[in-house]
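Single-structure report; data block below.
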Amino acid sequence: MGALDAKVAAIDPTLDLLDEIERLRKGRNAVILAHYYQEGEIQDLADHIGDSLQLAQAARDTDADVILFCGVHFMAETAKIVNPDKVVILPDLDAGCSLADSCPAEKLAAWKTLHPDHVVVSYINCSAGTKAHSDWICTSSNARRVIDAIPPETPILFAPDRNLGAWLSKETGRDMKLWQGSCIVHETFSERKLIELKSKHPFAKVAAHPECEPEILQYADHIGSTSSILRYTKESGHKQFIVATESGIIHQMEKANPDAEYIPLPPKGDNCMCNECPFMRLNTLEKIYLALRDLEPRIEMDGDLRQKALVPMERMLALG
Ligand code: 13P
Ligand code: SF4
């Protein structure tokens with residue numbers, strides 16, 4: 001049993017975790033930020049729920065003393081980059097990301113050396129080290145705006161998500177070389193099952209995240225970030241949606257538009273929950289309670305690295 005599991009096992013079972021979290025949140029002057037891919041019960045206790053961009057902005061703007069990030073490591077690290085004086089805690093340090101892992105800083109640096117005339121745009125799903133080697137950071141909600149801000153004749157290296165990169169290159173017609181990373185959740189969706197669902201529900205609209213493979217995106221009625229997909233299901237007026245992103249977001253969809261039906265797109269494999277992000281789902285009420293109680297695990301960062309990672313982040317945030 002790992003140290004964190006042992007701490008979880010030692011929690012007094014008679015404690016009301018929600019009451020304890022509330023007490024500690026106030027006592028610590030903490031803000032709880034949660035991504036849409038968290039469990040519904042975690043989304044419901046957060047001060048801010050959002051996509052990666054909204055959460056980075058909330059982290060930058062908070063005047064709380066402690067930022068408890070219910071998301072994955074690169075998100076908590078981003079919070080530290082934009083707001084270094086705060087204590088930033090992540091309930092489980094093992095909450096990583098397959099995209100971030102696919103693109104270590106030194107490999108991006110080597111790729112950059114091979115293409116010195118290119119501008120490097122990195123998706124926010126990457127480590128601080130990788131950010132530090134990038135000219136721009138983007139999220140799925142502002143990626144187009146970031147690409148449009150780069151002079152049209154400038155070629156682009158895009159890392160680490162090849163699916164988001166391919167979709168952006170098609171949308172903008174830009175010359176982009178793509179790092180070959182992908183998200184283990186979004187590459188899991190089955191085209192065959194999507195075709196079956198579409199014929200069974202002919203009026204259902206397909207809402208997809210651009211991290212999905214092109215085979216899935218070709219059927220999408222709407223492609224966008226988690227917040228954009230959520231807005232679409234709330235405002236488009238349709239009544240049935242096939243949701244091609246991590247299924248945690250359906251919690252907010254049901255709250256925002258309870259009259260519609262949301263069908264999570266199944267993964268290729270049978271009997272697996274592969275449309276749930278295993279990293280995001282490491283966060284639990286127990287670990288949130290422990291993180292607030294002990295103010296750990298903390299995100300710490302070398303000052304020089306932070307300054308370098310901040311430059312492309314600020315360029316992005318300045319776009320609004
Ligand atoms: P957004 O919330 O920015 O759409 O990103 C989704 C994601 O994969 C987060 O890890
Ligand atoms: Fe990373 Fe994919 Fe999980 Fe998002 S859903 S944190 S991109 S592995």
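Residue numbers start at 1 in each chain; chains themselves are named A, B, ... in the order of the structure tokens; ligands are numbered from 1 in the order shown.
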How close does each residue of chain A get to ligand 2, giving the shortest atom pair and distance in Å to one decimal for every residue with an atom at most 8 Å away, counting only C-alpha atoms and all ligand atoms, sorted by chain and residue number, as a tab-separated table?
```
residue	atom	partner	partner_atom_place_in_ligand_line	distance
A:Tyr37	CA	ligand 2	5 (S)	7.4
A:Gly71	CA	ligand 2	6 (S)	7.6
A:Val72	CA	ligand 2	6 (S)	5.9
A:Gly96	CA	ligand 2	6 (S)	6.7
A:Cys97	CA	ligand 2	1 (Fe)	3.7
A:Ser98	CA	ligand 2	8 (S)	4.7
A:Leu99	CA	ligand 2	1 (Fe)	5.5
A:Ala100	CA	ligand 2	1 (Fe)	6.9
A:Asn125	CA	ligand 2	7 (S)	6.4
A:Ser182	CA	ligand 2	7 (S)	7.6
A:Cys183	CA	ligand 2	2 (Fe)	4.1
A:Ile184	CA	ligand 2	8 (S)	5.4
A:Val185	CA	ligand 2	2 (Fe)	5.1
A:His186	CA	ligand 2	2 (Fe)	6.4
A:Glu211	CA	ligand 2	7 (S)	7.5
A:Thr245	CA	ligand 2	5 (S)	8.0
A:Glu246	CA	ligand 2	5 (S)	6.3
A:Glu276	CA	ligand 2	5 (S)	7.5
A:Cys277	CA	ligand 2	3 (Fe)	4.6
A:Pro278	CA	ligand 2	3 (Fe)	6.9
A:Phe279	CA	ligand 2	3 (Fe)	5.8
A:Met280	CA	ligand 2	3 (Fe)	6.0
```
Write the residues of the preceding selection, restricted to C-alpha atoms, as a PDB file, in the first residue's frame.
```pdb
ATOM      1  CA  TYR A  37     -13.835  15.557 -15.975  1.00  0.00           C
ATOM      2  CA  GLY A  71      -7.672  18.063 -12.029  1.00  0.00           C
ATOM      3  CA  VAL A  72      -4.363  16.676 -13.225  1.00  0.00           C
ATOM      4  CA  GLY A  96      -0.791  12.756 -14.758  1.00  0.00           C
ATOM      5  CA  CYS A  97      -1.772  12.963 -18.439  1.00  0.00           C
ATOM      6  CA  SER A  98      -0.814  10.793 -21.413  1.00  0.00           C
ATOM      7  CA  LEU A  99      -0.411  13.853 -23.615  1.00  0.00           C
ATOM      8  CA  ALA A 100       1.910  15.612 -21.187  1.00  0.00           C
ATOM      9  CA  ASN A 125      -1.514  19.637 -21.584  1.00  0.00           C
ATOM     10  CA  SER A 182      -2.520  11.588 -28.104  1.00  0.00           C
ATOM     11  CA  CYS A 183      -4.958  11.367 -25.227  1.00  0.00           C
ATOM     12  CA  ILE A 184      -5.651   7.828 -24.024  1.00  0.00           C
ATOM     13  CA  VAL A 185      -9.287   8.761 -23.432  1.00  0.00           C
ATOM     14  CA  HIS A 186     -10.087  10.555 -26.686  1.00  0.00           C
ATOM     15  CA  GLU A 211      -8.576  15.569 -29.039  1.00  0.00           C
ATOM     16  CA  THR A 245     -15.354  13.437 -24.701  1.00  0.00           C
ATOM     17  CA  GLU A 246     -14.665  12.285 -21.121  1.00  0.00           C
ATOM     18  CA  GLU A 276     -13.237   8.034 -18.109  1.00  0.00           C
ATOM     19  CA  CYS A 277      -9.808   9.588 -17.601  1.00  0.00           C
ATOM     20  CA  PRO A 278      -7.994   7.325 -15.113  1.00  0.00           C
ATOM     21  CA  PHE A 279      -5.784  10.243 -14.031  1.00  0.00           C
ATOM     22  CA  MET A 280      -8.623  12.686 -13.399  1.00  0.00           C
TER      23      MET A 280
END
```
Practice task
Assign secondary structure with DSSP using the backbone only, and return the residues of segment 21-83 of chain A in strand (DSSP E or B) as number ranges by chain.
Solution key: A: 30-35, 48-50, 66-70
Produce as a PDB file with all heavy atoms, in the first residue's frame the set of residues near ligand 1, where near means within 6 Å with only C-alpha atoms and all ligand atoms considered.
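Dumped to out-v1.pdb:
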```pdb
ATOM      1  N   ASP A  51     -13.087  24.607 -17.984  1.00  0.00           N
ATOM      2  CA  ASP A  51     -12.128  23.950 -18.877  1.00  0.00           C
ATOM      3  C   ASP A  51     -10.724  24.413 -18.485  1.00  0.00           C
ATOM      4  O   ASP A  51     -10.551  25.213 -17.548  1.00  0.00           O
ATOM      5  CB  ASP A  51     -12.470  24.215 -20.353  1.00  0.00           C
ATOM      6  CG  ASP A  51     -12.307  25.668 -20.767  1.00  0.00           C
ATOM      7  OD1 ASP A  51     -11.685  26.458 -20.028  1.00  0.00           O
ATOM      8  OD2 ASP A  51     -12.790  26.029 -21.855  1.00  0.00           O
ATOM      9  N   SER A  52      -9.716  23.962 -19.211  1.00  0.00           N
ATOM     10  CA  SER A  52      -8.341  24.279 -18.788  1.00  0.00           C
ATOM     11  C   SER A  52      -8.061  25.780 -18.794  1.00  0.00           C
ATOM     12  O   SER A  52      -7.346  26.269 -17.919  1.00  0.00           O
ATOM     13  CB  SER A  52      -7.303  23.590 -19.675  1.00  0.00           C
ATOM     14  OG  SER A  52      -7.808  22.563 -20.379  1.00  0.00           O
ATOM     15  N   LEU A  53      -8.609  26.484 -19.777  1.00  0.00           N
ATOM     16  CA  LEU A  53      -8.355  27.925 -19.834  1.00  0.00           C
ATOM     17  C   LEU A  53      -9.055  28.639 -18.672  1.00  0.00           C
ATOM     18  O   LEU A  53      -8.433  29.448 -17.968  1.00  0.00           O
ATOM     19  CB  LEU A  53      -8.840  28.499 -21.177  1.00  0.00           C
ATOM     20  CG  LEU A  53      -8.663  30.005 -21.320  1.00  0.00           C
ATOM     21  CD1 LEU A  53      -7.184  30.385 -21.279  1.00  0.00           C
ATOM     22  CD2 LEU A  53      -9.296  30.516 -22.628  1.00  0.00           C
ATOM     23  N   THR A 139      -5.018  26.396 -25.402  1.00  0.00           N
ATOM     24  CA  THR A 139      -5.920  25.354 -24.902  1.00  0.00           C
ATOM     25  C   THR A 139      -6.860  25.034 -26.055  1.00  0.00           C
ATOM     26  O   THR A 139      -6.838  25.722 -27.093  1.00  0.00           O
ATOM     27  CB  THR A 139      -6.730  25.831 -23.679  1.00  0.00           C
ATOM     28  OG1 THR A 139      -7.762  26.695 -24.136  1.00  0.00           O
ATOM     29  CG2 THR A 139      -5.862  26.538 -22.653  1.00  0.00           C
ATOM     30  N   SER A 140      -7.739  24.057 -25.849  1.00  0.00           N
ATOM     31  CA  SER A 140      -8.637  23.745 -26.966  1.00  0.00           C
ATOM     32  C   SER A 140      -9.653  24.862 -27.183  1.00  0.00           C
ATOM     33  O   SER A 140     -10.231  24.960 -28.259  1.00  0.00           O
ATOM     34  CB  SER A 140      -9.327  22.395 -26.738  1.00  0.00           C
ATOM     35  OG  SER A 140      -9.852  22.346 -25.449  1.00  0.00           O
ATOM     36  N   SER A 225     -13.865  22.791 -27.184  1.00  0.00           N
ATOM     37  CA  SER A 225     -13.355  22.486 -25.835  1.00  0.00           C
ATOM     38  C   SER A 225     -14.507  22.006 -24.956  1.00  0.00           C
ATOM     39  O   SER A 225     -15.684  22.094 -25.343  1.00  0.00           O
ATOM     40  CB  SER A 225     -12.765  23.758 -25.228  1.00  0.00           C
ATOM     41  OG  SER A 225     -13.818  24.694 -25.057  1.00  0.00           O
ATOM     42  N   THR A 226     -14.191  21.558 -23.760  1.00  0.00           N
ATOM     43  CA  THR A 226     -15.252  21.080 -22.867  1.00  0.00           C
ATOM     44  C   THR A 226     -16.297  22.177 -22.623  1.00  0.00           C
ATOM     45  O   THR A 226     -17.493  21.906 -22.669  1.00  0.00           O
ATOM     46  CB  THR A 226     -14.659  20.600 -21.527  1.00  0.00           C
ATOM     47  OG1 THR A 226     -13.744  21.569 -21.030  1.00  0.00           O
ATOM     48  CG2 THR A 226     -13.944  19.269 -21.676  1.00  0.00           C
TER      49      THR A 226
END
```
Quick one: residues within 12 Å of Lys170 of chain A, only C-alpha atoms, excluding same-chain residues fewer than 5 positions away - as a compact mmCIF listing (two decimals) with N, CA, C and O atoms, in the first residue's frame?
```
# COMPACT_ATOMS: atom_id res chain seq x y z
N ARG A 144 -7.44 28.22 -31.93
CA ARG A 144 -7.58 28.92 -33.22
C ARG A 144 -7.09 30.34 -33.12
O ARG A 144 -6.39 30.84 -34.01
N ILE A 147 -3.32 30.39 -33.08
CA ILE A 147 -2.75 30.15 -34.43
C ILE A 147 -2.93 31.41 -35.29
O ILE A 147 -2.01 31.82 -36.00
N ASN A 163 -4.04 15.01 -32.77
CA ASN A 163 -5.42 15.14 -33.25
C ASN A 163 -5.88 16.60 -33.22
O ASN A 163 -6.45 17.09 -34.20
N LEU A 164 -5.63 17.28 -32.12
CA LEU A 164 -5.95 18.71 -32.06
C LEU A 164 -5.15 19.45 -33.14
O LEU A 164 -5.69 20.32 -33.84
N GLY A 165 -3.89 19.09 -33.30
CA GLY A 165 -3.04 19.75 -34.30
C GLY A 165 -3.57 19.54 -35.71
O GLY A 165 -3.65 20.48 -36.51
N ASP A 175 0.54 25.68 -42.25
CA ASP A 175 1.61 24.68 -42.35
C ASP A 175 2.03 24.32 -40.92
O ASP A 175 2.63 25.12 -40.21
N MET A 176 1.68 23.09 -40.49
CA MET A 176 1.99 22.69 -39.12
C MET A 176 2.61 21.30 -39.09
O MET A 176 2.08 20.37 -39.68
N PRO A 210 -11.81 18.22 -29.76
CA PRO A 210 -10.82 18.07 -30.85
C PRO A 210 -9.66 17.12 -30.54
O PRO A 210 -8.85 16.85 -31.43
N PRO A 214 -9.52 11.87 -36.13
CA PRO A 214 -10.28 12.39 -37.28
C PRO A 214 -11.45 11.48 -37.67
O PRO A 214 -12.48 11.97 -38.13
N LEU A 217 -14.14 12.80 -35.51
CA LEU A 217 -14.46 14.22 -35.76
C LEU A 217 -15.24 14.41 -37.06
O LEU A 217 -16.03 15.34 -37.18
N GLN A 218 -15.04 13.50 -38.04
CA GLN A 218 -15.74 13.67 -39.32
C GLN A 218 -17.27 13.62 -39.15
O GLN A 218 -18.01 14.12 -39.99
```
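Candidate residues A:Val206, A:Ala56, A:Gly173, A:Leu24 were compared for distance to Gly320 of chain A, and the nearest is A:Ala56, using only C-alpha atoms.
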Problem - Who sits within 12 Å of Val121 of chain A, only C-alpha atoms, same chain under 5 positions skipped, as a ChimeraX atom specification - result: /A:108,112,126,130-139,142-150,154-161,164-165,168,176-179,312-313,315-316
Exercise for the section: Would you kindly return, as an NGL selection string, each protein, DNA or RNA residue with an atom no farther than 10 Å from any atom of Lys268 of chain A, considering only C-alpha atoms and excluding same-chain residues fewer than 5 positions away? Expected result: :A and (187-194 or 274-275)
